[in-house]
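Text of structure.txt (compact mmCIF, C-alpha atoms) as supplied:
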# COMPACT_ATOMS: atom_id res chain seq x y z
CA MET A 1 63.23 107.75 -34.95
CA THR A 2 64.58 104.54 -36.45
CA SER A 3 67.63 102.85 -35.01
CA ASN A 4 69.57 103.27 -38.27
CA ARG A 5 68.91 107.00 -38.45
CA ARG A 6 69.77 107.46 -34.77
CA ALA A 7 73.05 105.60 -35.24
CA TRP A 8 74.05 107.82 -38.19
CA LEU A 9 73.10 110.97 -36.25
CA LEU A 10 75.27 109.83 -33.35
CA PHE A 11 78.07 109.07 -35.85
CA THR A 12 77.77 112.62 -37.19
CA GLY A 13 77.87 114.01 -33.65
CA TRP A 14 81.07 112.09 -32.95
CA LEU A 15 82.47 113.24 -36.30
CA LEU A 16 81.97 116.90 -35.36
CA THR A 17 83.38 116.27 -31.88
CA GLY A 18 86.47 114.62 -33.36
CA ALA A 19 86.94 117.56 -35.71
CA CYS A 20 86.79 119.94 -32.74
CA TYR A 21 89.40 117.93 -30.84
CA LEU A 22 91.89 117.90 -33.72
CA LEU A 23 91.27 121.55 -34.54
CA ALA A 24 91.83 122.43 -30.87
CA LEU A 25 95.08 120.45 -30.92
CA LEU A 26 96.33 122.03 -34.15
CA THR A 27 95.50 125.56 -32.97
CA MET A 28 96.41 125.16 -29.29
CA LEU A 29 98.69 128.20 -29.33
CA SER A 30 95.97 130.49 -30.69
CA ILE A 31 92.25 129.63 -30.57
CA GLY A 32 92.52 125.98 -29.55
CA ILE A 33 91.86 126.71 -25.89
CA PHE A 34 88.49 128.19 -26.89
CA ILE A 35 87.56 125.24 -29.12
CA LEU A 36 88.44 122.56 -26.56
CA PRO A 37 85.40 123.25 -24.29
CA ILE A 38 83.11 122.74 -27.31
CA ALA A 39 84.69 119.33 -27.93
CA VAL A 40 84.41 118.37 -24.26
CA ALA A 41 80.75 119.45 -24.17
CA GLY A 42 80.09 117.36 -27.28
CA THR A 43 81.76 114.38 -25.65
CA VAL A 44 79.66 114.71 -22.51
CA ALA A 45 76.45 115.14 -24.50
CA LEU A 46 77.15 112.14 -26.71
CA ALA A 47 78.57 109.87 -24.02
CA THR A 48 75.39 110.15 -21.95
CA ARG A 49 73.24 108.79 -24.81
CA ARG A 50 72.41 105.13 -25.00
CA ASP A 51 73.83 103.01 -27.81
CA THR A 52 76.50 105.55 -28.64
CA ARG A 53 79.48 103.20 -28.48
CA GLN A 54 78.96 101.77 -31.95
CA SER A 55 79.01 105.30 -33.39
CA LEU A 56 82.44 106.13 -31.95
CA PRO A 57 84.24 105.64 -35.30
CA GLY A 58 82.86 109.09 -36.12
CA LEU A 59 85.72 110.46 -33.99
CA LEU A 60 88.15 108.97 -36.48
CA SER A 61 86.35 110.50 -39.45
CA GLY A 62 86.20 113.84 -37.65
CA ALA A 63 89.97 114.08 -37.84
CA SER A 64 89.66 114.46 -41.61
CA LEU A 65 87.88 117.82 -41.52
CA PRO A 66 90.86 119.84 -40.19
CA LEU A 67 93.08 117.99 -42.69
CA PHE A 68 90.81 119.16 -45.51
CA LEU A 69 91.06 122.70 -44.16
CA LEU A 70 94.86 122.49 -44.11
CA ALA A 71 94.86 121.12 -47.65
CA TYR A 72 92.73 124.03 -48.82
CA LEU A 73 94.87 126.63 -47.06
CA ASN A 74 98.00 125.14 -48.65
CA ARG A 75 96.42 124.63 -52.09
CA HIS A 76 99.21 126.57 -53.83
CA GLY A 77 102.04 124.82 -52.03
CA PRO A 78 104.55 123.59 -51.49
CA GLY A 79 106.67 126.51 -52.49
CA THR A 80 106.27 130.22 -52.95
CA TYR A 81 103.04 131.57 -54.42
CA CYS A 82 102.86 135.20 -55.57
CA THR A 83 99.85 137.31 -56.53
CA THR A 84 99.80 140.72 -58.14
CA SER A 85 97.22 143.47 -57.87
CA ALA A 86 96.95 147.16 -58.73
CA GLY A 87 98.57 148.02 -55.39
CA GLY A 88 101.58 145.73 -55.78
CA SER A 89 102.34 142.08 -55.22
CA SER A 90 102.51 139.71 -52.29
CA CYS A 91 104.10 136.32 -51.86
CA THR A 92 103.34 133.54 -49.41
CA ASP A 93 105.08 130.26 -48.73
CA GLY A 94 103.05 127.08 -48.89
CA LEU A 95 104.82 124.74 -46.51
CA LEU A 96 102.71 121.61 -46.85
CA ASN A 97 101.82 119.45 -49.83
CA PRO A 98 98.04 119.78 -50.25
CA TRP A 99 97.76 116.51 -52.18
CA LEU A 100 99.25 114.54 -49.31
CA LEU A 101 96.90 116.24 -46.83
CA LEU A 102 93.94 115.55 -49.11
CA ALA A 103 94.90 111.88 -49.51
CA VAL A 104 95.31 111.36 -45.76
CA GLY A 105 92.05 113.23 -45.13
CA LEU A 106 90.16 111.02 -47.59
CA LEU A 107 91.68 107.88 -46.06
CA VAL A 108 90.74 108.94 -42.53
CA LEU A 109 87.28 110.06 -43.63
CA SER A 110 86.52 106.73 -45.29
CA ALA A 111 87.95 104.65 -42.44
CA GLY A 112 85.29 105.89 -39.99
CA PRO A 113 82.18 104.76 -41.90
CA ALA A 114 83.89 101.48 -42.87
CA LEU A 115 84.59 100.71 -39.22
CA PHE A 116 81.12 101.92 -38.20
CA LEU A 117 79.40 99.62 -40.71
CA ARG A 118 81.58 96.70 -39.67
CA ILE A 119 80.68 97.19 -36.01
CA ARG A 120 76.98 97.46 -36.84
CA ARG A 121 77.01 94.20 -38.81
CA GLN A 122 78.51 92.18 -35.97
CA PRO A 123 75.89 90.24 -34.05
CA VAL A 124 75.45 91.16 -30.42
CA ASN A 125 75.93 88.13 -28.18
CA SER A 126 73.90 88.50 -25.03
CA ALA A 127 75.07 85.23 -23.53
CA THR A 128 78.45 83.58 -23.72
CA PRO A 129 78.50 79.93 -24.67
CA SER A 130 79.13 77.65 -21.75
CA PRO A 131 81.78 74.97 -22.05
CA SER A 132 80.38 71.46 -22.45
CA GLU A 133 81.38 68.88 -19.93
Structure encoded using structure tokens:
Amino acid sequence: MTSNRRAWLLFTGWLLTGACYLLALLTMLSIGIFILPIAVAGTVALATRRDTRQSLPGLLSGASLPLFLLAYLNRHGPGTYCTTSAGGSSCTDGLLNPWLLLAVGLLVLSAGPALFLRIRRQPVNSATPSPSE
């Protein structure tokens, strides 16, 4: 496997791990306690791989996935949204602005690959320059 492909696979692994962490935090009072072990297992699996440090910006991008989910769930908000059917009608309150959640999600999603590519382009210095006397 090429180094470039491996780095992007590790980035994707960190992205999914970051999504699990934020989802566990947002749903801590319900299913978050069951999602947290998945995130911890992903962290352990990825942290034991070599050359995984430069793929860590995937954690940042992973935070966007729960934001996209929240934006979708609040797609009719903010405000009251009513639907009618043959059996009657029902109304729900959209508390959050989906456009703000979408904008923040896109910003966070794009920040991860930008940081990842910046880190990958930096040369690795194996030796520090010695001061001249």
When you look at region 18-29 of chain A with a cut-off of 8 Å (counting only C-alpha atoms), what residues show up, excluding the ones that are within fewer than 6 positions of it in the same chain? I need them as a ChimeraX atom specification. /A:35-36,38-39,58-66
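Compared by their closest atoms to Gly112 (chain A), and using only C-alpha atoms, the residues A:Trp14, A:Tyr81, A:Tyr72, A:Trp99 rank with A:Trp14 nearest.
With only C-alpha atoms as the atoms that count, the minimum distance from Gln54 (chain A) to the choices A:Phe11, A:Leu102, A:Arg5, A:Ile33 is reached by A:Phe11.
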So how many Å separate CA of Leu115 (chain A) and CA of Leu10 (chain A), to one decimal?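 Taking CA of Leu115 (chain A) and CA of Leu10 (chain A), their separation equals 14.3 Å.
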Quick one: distance from CA of Thr17 (chain A) to CA of Ile31 (chain A) in Å, one decimal?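 Going from CA of Thr17 (chain A) over to CA of Ile31 (chain A) covers 16.1 Å.
The space separating CA of Arg50 (chain A) from CA of Phe34 (chain A) comes to 28.2 Å.
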When distances are computed from all atoms listed in the file, which of A:Gly42, A:Pro57, A:Gly13, A:Gly32 shows the smallest separation from Leu117 (chain A)?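 Residue with the minimum atom-to-atom distance to Leu117 (chain A): A:Pro57.
Using only C-alpha atoms, the shortest contact distance between Arg120 (chain A) and any of A:Thr12, A:Pro78, A:Asp93, A:Leu56 is found at A:Leu56.
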Please identify all polymer residues lying at most 8 Å from the point (105.0, 137.1, -51.0) (file coordinates), using only C-alpha atoms, and present the result as a list in words. Thr80, Tyr81, Cys82, Thr83, Ser89, Ser90, Cys91, Thr92 and Asp93 of chain A
Could you check which of A:Ser30, A:Thr84, A:Ser55, A:Asn97 is closest to Asn4 (chain A), using only C-alpha atoms? A:Ser55
